[in-house]
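start_27.pdb (PDB, C-alpha atoms, pLDDT in the B column)
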ATOM      1  CA  ASP A   1     -20.445  -2.069 -48.111  1.00 69.00           C
ATOM      2  CA  ASP A   2     -23.924  -1.849 -49.629  1.00 78.00           C
ATOM      3  CA  SER A   3     -24.221  -5.567 -50.448  1.00 86.00           C
ATOM      4  CA  GLY A   4     -26.816  -6.301 -47.768  1.00 87.00           C
ATOM      5  CA  GLN A   5     -24.444  -8.964 -46.400  1.00 92.00           C
ATOM      6  CA  MET A   6     -22.119  -8.696 -43.434  1.00 92.00           C
ATOM      7  CA  HIS A   7     -19.007 -10.854 -43.057  1.00 92.00           C
ATOM      8  CA  PHE A   8     -17.331 -11.679 -39.761  1.00 92.00           C
ATOM      9  CA  GLU A   9     -14.604  -9.063 -40.256  1.00 92.00           C
ATOM     10  CA  GLU A  10     -17.256  -6.349 -40.608  1.00 90.00           C
ATOM     11  CA  PHE A  11     -19.113  -7.668 -37.573  1.00 90.00           C
ATOM     12  CA  ASP A  12     -15.865  -7.746 -35.568  1.00 91.00           C
ATOM     13  CA  HIS A  13     -15.169  -4.133 -36.577  1.00 90.00           C
ATOM     14  CA  LEU A  14     -18.730  -3.097 -35.700  1.00 87.00           C
ATOM     15  CA  CYS A  15     -18.414  -4.599 -32.225  1.00 87.00           C
ATOM     16  CA  ARG A  16     -14.831  -3.505 -31.458  1.00 88.00           C
ATOM     17  CA  ALA A  17     -14.485  -0.092 -33.144  1.00 88.00           C
ATOM     18  CA  ILE A  18     -14.979   3.061 -31.146  1.00 85.00           C
ATOM     19  CA  TYR A  19     -16.748   5.027 -33.852  1.00 81.00           C
ATOM     20  CA  PRO A  20     -18.810   4.048 -35.680  1.00 79.00           C
ATOM     21  CA  GLY A  21     -19.083   0.969 -33.549  1.00 80.00           C
ATOM     22  CA  LEU A  22     -20.135  -0.451 -30.212  1.00 84.00           C
ATOM     23  CA  ASN A  23     -16.686  -0.205 -28.555  1.00 85.00           C
ATOM     24  CA  ILE A  24     -16.988  -3.567 -26.774  1.00 85.00           C
ATOM     25  CA  ASP A  25     -13.539  -4.530 -25.500  1.00 83.00           C
ATOM     26  CA  ARG A  26     -12.223  -8.057 -25.081  1.00 85.00           C
ATOM     27  CA  LYS A  27     -12.609  -7.934 -21.302  1.00 82.00           C
ATOM     28  CA  HIS A  28     -16.366  -7.699 -21.714  1.00 80.00           C
ATOM     29  CA  LEU A  29     -16.787  -9.898 -24.788  1.00 83.00           C
ATOM     30  CA  SER A  30     -13.994 -12.316 -25.573  1.00 85.00           C
ATOM     31  CA  ASP A  31     -13.017 -13.213 -29.130  1.00 87.00           C
ATOM     32  CA  ALA A  32     -14.530 -16.658 -28.541  1.00 85.00           C
ATOM     33  CA  GLY A  33     -17.762 -15.033 -27.347  1.00 85.00           C
ATOM     34  CA  LEU A  34     -17.839 -12.787 -30.407  1.00 86.00           C
ATOM     35  CA  LYS A  35     -17.365 -15.806 -32.675  1.00 88.00           C
ATOM     36  CA  GLY A  36     -20.143 -17.639 -30.829  1.00 85.00           C
ATOM     37  CA  LEU A  37     -22.448 -14.686 -31.331  1.00 86.00           C
ATOM     38  CA  TRP A  38     -21.498 -14.660 -35.014  1.00 88.00           C
ATOM     39  CA  ARG A  39     -22.363 -18.356 -35.334  1.00 86.00           C
ATOM     40  CA  ALA A  40     -25.755 -17.628 -33.760  1.00 85.00           C
ATOM     41  CA  LEU A  41     -26.335 -14.747 -36.198  1.00 86.00           C
ATOM     42  CA  ASP A  42     -25.269 -16.753 -39.259  1.00 87.00           C
ATOM     43  CA  ALA A  43     -28.209 -19.168 -39.156  1.00 82.00           C
ATOM     44  CA  ASP A  44     -27.592 -20.670 -42.599  1.00 85.00           C
ATOM     45  CA  ARG A  45     -23.806 -21.059 -42.006  1.00 85.00           C
ATOM     46  CA  SER A  46     -23.028 -19.238 -45.239  1.00 91.00           C
ATOM     47  CA  GLY A  47     -20.194 -17.192 -43.745  1.00 90.00           C
ATOM     48  CA  SER A  48     -22.137 -13.979 -44.100  1.00 92.00           C
ATOM     49  CA  VAL A  49     -25.216 -12.558 -42.397  1.00 91.00           C
ATOM     50  CA  SER A  50     -27.974 -11.056 -44.451  1.00 89.00           C
ATOM     51  CA  VAL A  51     -30.244  -8.284 -43.282  1.00 84.00           C
ATOM     52  CA  GLN A  52     -32.967 -10.940 -43.040  1.00 84.00           C
ATOM     53  CA  GLU A  53     -30.862 -13.191 -40.752  1.00 84.00           C
ATOM     54  CA  PHE A  54     -29.897 -10.244 -38.603  1.00 82.00           C
ATOM     55  CA  MET A  55     -33.519  -9.100 -38.204  1.00 81.00           C
ATOM     56  CA  VAL A  56     -34.746 -12.638 -37.382  1.00 81.00           C
ATOM     57  CA  PHE A  57     -32.009 -13.039 -34.763  1.00 80.00           C
ATOM     58  CA  MET A  58     -32.780  -9.664 -33.179  1.00 76.00           C
ATOM     59  CA  ARG A  59     -36.527 -10.368 -33.053  1.00 75.00           C
ATOM     60  CA  ARG A  60     -35.876 -13.675 -31.322  1.00 74.00           C
ATOM     61  CA  HIS A  61     -33.165 -12.560 -28.928  1.00 70.00           C
ATOM     62  CA  GLY A  62     -33.147  -8.784 -28.755  1.00 63.00           C
ATOM     63  CA  MET A  63     -35.811  -8.478 -26.065  1.00 56.00           C
ATOM     64  CA  HIS A  64     -34.563 -11.286 -23.813  1.00 55.00           C
ATOM     65  CA  HIS A  65     -32.330 -10.775 -20.819  1.00 51.00           C
ATOM     66  CA  GLU A  66     -29.632 -12.849 -22.442  1.00 57.00           C
ATOM     67  CA  THR A  67     -28.881 -10.125 -24.984  1.00 60.00           C
ATOM     68  CA  LEU A  68     -25.401  -8.991 -25.866  1.00 62.00           C
ATOM     69  CA  ALA A  69     -25.753  -5.877 -23.693  1.00 62.00           C
ATOM     70  CA  TYR A  70     -26.941  -7.967 -20.759  1.00 66.00           C
ATOM     71  CA  ASN A  71     -24.079 -10.432 -21.190  1.00 65.00           C
ATOM     72  CA  VAL A  72     -21.578  -7.578 -21.429  1.00 63.00           C
ATOM     73  CA  HIS A  73     -23.023  -6.093 -18.236  1.00 64.00           C
ATOM     74  CA  LYS A  74     -22.979  -9.488 -16.499  1.00 69.00           C
ATOM     75  CA  THR A  75     -19.343 -10.067 -17.516  1.00 64.00           C
ATOM     76  CA  HIS A  76     -18.368  -6.598 -16.318  1.00 62.00           C
ATOM     77  CA  GLN A  77     -20.149  -7.172 -12.975  1.00 69.00           C
ATOM     78  CA  HIS A  78     -18.382 -10.519 -12.599  1.00 68.00           C
ATOM     79  CA  ALA A  79     -15.032  -8.783 -13.159  1.00 64.00           C
ATOM     80  CA  LEU A  80     -15.871  -6.189 -10.506  1.00 62.00           C
ATOM     81  CA  ASP A  81     -16.945  -8.926  -8.080  1.00 68.00           C
ATOM     82  CA  ALA A  82     -13.706 -10.806  -8.740  1.00 66.00           C
ATOM     83  CA  GLU A  83     -11.668  -7.643  -8.115  1.00 66.00           C
ATOM     84  CA  GLU A  84     -13.557  -7.027  -4.863  1.00 66.00           C
ATOM     85  CA  ALA A  85     -12.988 -10.640  -3.806  1.00 64.00           C
ATOM     86  CA  GLU A  86      -9.294 -10.236  -4.468  1.00 67.00           C
ATOM     87  CA  ASN A  87      -8.987  -6.959  -2.567  1.00 69.00           C
ATOM     88  CA  THR A  88     -11.495  -7.339   0.307  1.00 74.00           C
ATOM     89  CA  LEU A  89     -10.109  -9.482   3.079  1.00 74.00           C
ATOM     90  CA  ASP A  90     -12.700 -11.796   4.607  1.00 73.00           C
ATOM     91  CA  ILE A  91     -11.167 -14.987   5.942  1.00 72.00           C
ATOM     92  CA  LYS A  92     -14.486 -16.791   6.492  1.00 71.00           C
ATOM     93  CA  ARG A  93     -15.674 -16.085   2.941  1.00 68.00           C
ATOM     94  CA  GLY A  94     -12.239 -16.851   1.496  1.00 69.00           C
ATOM     95  CA  THR A  95     -11.697 -13.488  -0.155  1.00 70.00           C
ATOM     96  CA  GLY A  96      -8.763 -11.102  -0.180  1.00 77.00           C
ATOM     97  CA  PHE A  97      -6.084 -13.383  -1.568  1.00 79.00           C
ATOM     98  CA  ARG A  98      -4.005 -10.416  -2.737  1.00 81.00           C
ATOM     99  CA  LYS A  99      -3.964  -9.038   0.817  1.00 84.00           C
ATOM    100  CA  LEU A 100      -2.879 -12.389   2.227  1.00 85.00           C
ATOM    101  CA  GLU A 101      -0.081 -12.580  -0.336  1.00 87.00           C
ATOM    102  CA  LEU A 102       1.155  -9.169   0.888  1.00 86.00           C
ATOM    103  CA  LEU A 103       1.067 -10.453   4.472  1.00 87.00           C
ATOM    104  CA  LYS A 104       2.970 -13.622   3.511  1.00 88.00           C
ATOM    105  CA  ALA A 105       5.620 -11.616   1.661  1.00 89.00           C
ATOM    106  CA  GLY A 106       6.039  -9.283   4.626  1.00 87.00           C
ATOM    107  CA  ALA A 107       6.295 -12.181   7.075  1.00 88.00           C
ATOM    108  CA  ARG A 108       9.029 -13.808   4.998  1.00 86.00           C
ATOM    109  CA  ASN A 109      11.166 -10.684   5.566  1.00 78.00           C
ATOM    110  CA  VAL A 110      11.078 -11.172   9.333  1.00 80.00           C
ATOM    111  CA  PRO A 111      13.290 -13.855  10.878  1.00 75.00           C
ATOM    112  CA  SER A 112      11.585 -16.597  12.872  1.00 69.00           C
ATOM    113  CA  GLU A 113      12.510 -16.151  16.446  1.00 68.00           C
ATOM    114  CA  ARG A 114      10.887 -17.368  19.548  1.00 61.00           C
ATOM    115  CA  GLY A 115       9.686 -14.380  21.421  1.00 74.00           C
ATOM    116  CA  PRO A 116       7.018 -13.326  23.811  1.00 83.00           C
ATOM    117  CA  ASP A 117       3.331 -13.593  23.156  1.00 89.00           C
ATOM    118  CA  VAL A 118       1.992 -11.040  20.693  1.00 89.00           C
ATOM    119  CA  SER A 119      -1.099  -8.906  21.283  1.00 90.00           C
ATOM    120  CA  GLU A 120      -3.335  -7.410  18.596  1.00 89.00           C
ATOM    121  CA  TRP A 121      -1.579  -4.045  19.004  1.00 88.00           C
ATOM    122  CA  ASP A 122       1.813  -5.742  18.651  1.00 89.00           C
ATOM    123  CA  PHE A 123       0.520  -7.447  15.502  1.00 90.00           C
ATOM    124  CA  ILE A 124      -0.482  -4.116  13.916  1.00 89.00           C
ATOM    125  CA  ALA A 125       2.944  -2.672  14.824  1.00 90.00           C
ATOM    126  CA  LEU A 126       4.579  -5.744  13.266  1.00 89.00           C
ATOM    127  CA  VAL A 127       2.517  -5.361  10.072  1.00 90.00           C
ATOM    128  CA  ARG A 128       3.367  -1.653   9.760  1.00 90.00           C
ATOM    129  CA  GLY A 129       7.009  -2.002  10.865  1.00 90.00           C
ATOM    130  CA  PRO A 130       9.018  -5.122  10.001  1.00 90.00           C
ATOM    131  CA  PHE A 131       6.448  -6.478   7.501  1.00 90.00           C
ATOM    132  CA  GLY A 132       6.574  -3.110   5.721  1.00 91.00           C
ATOM    133  CA  LEU A 133       2.867  -2.957   4.801  1.00 90.00           C
ATOM    134  CA  THR A 134       1.410   0.516   4.455  1.00 90.00           C
ATOM    135  CA  GLU A 135      -2.096   1.449   5.564  1.00 89.00           C
ATOM    136  CA  ASP A 136      -3.086   1.793   1.888  1.00 87.00           C
ATOM    137  CA  ALA A 137      -1.951  -1.734   1.055  1.00 88.00           C
ATOM    138  CA  PHE A 138      -3.150  -3.435   4.244  1.00 88.00           C
ATOM    139  CA  ASP A 139      -5.499  -1.322   6.362  1.00 87.00           C
ATOM    140  CA  ASP A 140      -6.507  -1.726  10.001  1.00 87.00           C
ATOM    141  CA  ASP A 141      -9.637  -3.657   9.009  1.00 87.00           C
ATOM    142  CA  ASP A 142      -7.433  -6.155   7.157  1.00 87.00           C
ATOM    143  CA  ALA A 143      -5.191  -6.449  10.209  1.00 89.00           C
ATOM    144  CA  ALA A 144      -8.217  -6.969  12.479  1.00 89.00           C
ATOM    145  CA  GLU A 145      -9.609  -9.638  10.118  1.00 88.00           C
ATOM    146  CA  CYS A 146      -6.302 -11.519  10.247  1.00 90.00           C
ATOM    147  CA  TRP A 147      -5.978 -11.076  13.981  1.00 91.00           C
ATOM    148  CA  ASN A 148      -9.441 -12.564  14.538  1.00 89.00           C
ATOM    149  CA  ALA A 149      -8.427 -15.607  12.490  1.00 90.00           C
ATOM    150  CA  ILE A 150      -5.102 -15.980  14.339  1.00 91.00           C
ATOM    151  CA  ASP A 151      -6.561 -15.402  17.811  1.00 91.00           C
ATOM    152  CA  HIS A 152      -9.666 -17.495  17.138  1.00 86.00           C
ATOM    153  CA  ARG A 153     -10.081 -18.218  20.879  1.00 87.00           C
ATOM    154  CA  GLY A 154     -10.259 -14.489  21.657  1.00 86.00           C
ATOM    155  CA  ALA A 155      -7.488 -14.629  24.254  1.00 89.00           C
ATOM    156  CA  GLY A 156      -6.052 -11.261  23.206  1.00 89.00           C
ATOM    157  CA  PHE A 157      -2.595 -12.664  22.555  1.00 89.00           C
ATOM    158  CA  VAL A 158      -0.933 -15.533  20.700  1.00 91.00           C
ATOM    159  CA  PRO A 159       2.539 -17.059  20.879  1.00 91.00           C
ATOM    160  CA  ASN A 160       4.948 -15.411  18.445  1.00 89.00           C
ATOM    161  CA  LYS A 161       5.667 -18.707  16.627  1.00 88.00           C
ATOM    162  CA  ILE A 162       1.956 -19.368  15.988  1.00 89.00           C
ATOM    163  CA  LEU A 163       1.516 -15.816  14.703  1.00 89.00           C
ATOM    164  CA  MET A 164       4.497 -16.015  12.351  1.00 89.00           C
ATOM    165  CA  ASP A 165       3.554 -19.491  11.111  1.00 89.00           C
ATOM    166  CA  TRP A 166       0.021 -18.280  10.321  1.00 89.00           C
ATOM    167  CA  CYS A 167       1.289 -15.152   8.558  1.00 90.00           C
ATOM    168  CA  ARG A 168       3.672 -17.193   6.422  1.00 88.00           C
ATOM    169  CA  ASN A 169       0.933 -19.671   5.509  1.00 88.00           C
ATOM    170  CA  PRO A 170      -2.547 -18.228   6.092  1.00 84.00           C
TER     171      PRO A 170
END
Mind turning this structure into structure tokens?
Amino acid sequence: DDSGQMHFEEFDHLCRAIYPGLNIDRKHLSDAGLKGLWRALDADRSGSVSVQEFMVFMRRHGMHHETLAYNVHKTHQHALDAEEAENTLDIKRGTGFRKLELLKAGARNVPSERGPDVSEWDFIALVRGPFGLTEDAFDDDDAAECWNAIDHRGAGFVPNKILMDWCRNP
């Protein structure tokens, strides 16, 4: 409206709407974050923000790195980093939990049987065959990362029971 005052509902619409708005989704700025920003804008706690309050806030905070755009970018980057950590298997860094869950699920489908020692090549065949993991879901780099953790002595083979126990509980 032309009142010179903005209420939270208008601010919410401004931030969330596609046009005319900033199109900031809840992944990048949560509802709690939006309310916190509103509280910072509404300096006099009147429930509405005047043009004066808005301008004062922007002069104080608009040029700092901790701006809304920066925080949105930081949140988005954090989400990308979290997705990479979930999908990139690195045992030493503790990333790739989704990949390890796939391995555990595949290992549960294979009966525990005492068998001969297993080599790295046998492990890859086991992952692709009985475990049922495709190259897209669990690539050769993932298999090599797991193998290096299982065969930490570098012997080139491990007993079948040790391999299966590790796969079921990495």
Expected selection from the PyMOL selection byres ((chain A and resi 107) around 7), given as a tab-separated table (two decimals) with C-alpha atoms, in the frame of the given file:
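To be explicit, this is the file written out as result19.tsv:
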chain	number	residue	atom	x	y	z
A	103	LEU	CA	1.07	-10.45	4.47
A	104	LYS	CA	2.97	-13.62	3.51
A	105	ALA	CA	5.62	-11.62	1.66
A	106	GLY	CA	6.04	-9.28	4.63
A	108	ARG	CA	9.03	-13.81	5.00
A	109	ASN	CA	11.17	-10.68	5.57
A	110	VAL	CA	11.08	-11.17	9.33
A	131	PHE	CA	6.45	-6.48	7.50
A	164	MET	CA	4.50	-16.02	12.35
A	167	CYS	CA	1.29	-15.15	8.56
A	168	ARG	CA	3.67	-17.19	6.42
Counting only C-alpha atoms, figure out which residue out of A:Leu102, A:Tyr19, A:Leu14, A:Ala40 gets nearest to Gly132 (chain A).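 Among A:Leu102, A:Tyr19, A:Leu14, A:Ala40, it is A:Leu102 that comes nearest to Gly132 (chain A).
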Could you tell me how far CA of Gly4 (chain A) sits from CA of Val49 (chain A), in Å to one decimal place?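 About the pair CA of Val49 (chain A) and CA of Gly4 (chain A): they are 8.4 Å apart.
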All residues 10 Å or closer to Lys35 (chain A), only C-alpha atoms, same chain fewer than 6 positions away omitted, as a list in words: Phe8, Phe11, Asp12, Leu29 and Leu41 of chain A
What gap, in Å, lies between CA of His13 (chain A) and CA of His61 (chain A)?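 Those two atoms sit 21.3 Å apart.
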Quote the spacing between CA of Arg98 (chain A) and CA of Ile162 (chain A) in Å to one decimal place.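 Between CA of Arg98 (chain A) and CA of Ile162 (chain A) the gap is 21.6 Å.
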May I ask which of the residues A:His152, A:Asp31, A:Asp142, A:Ala137 is the closest one to Ile124 (chain A), counting all atoms listed in the file? A:Asp142
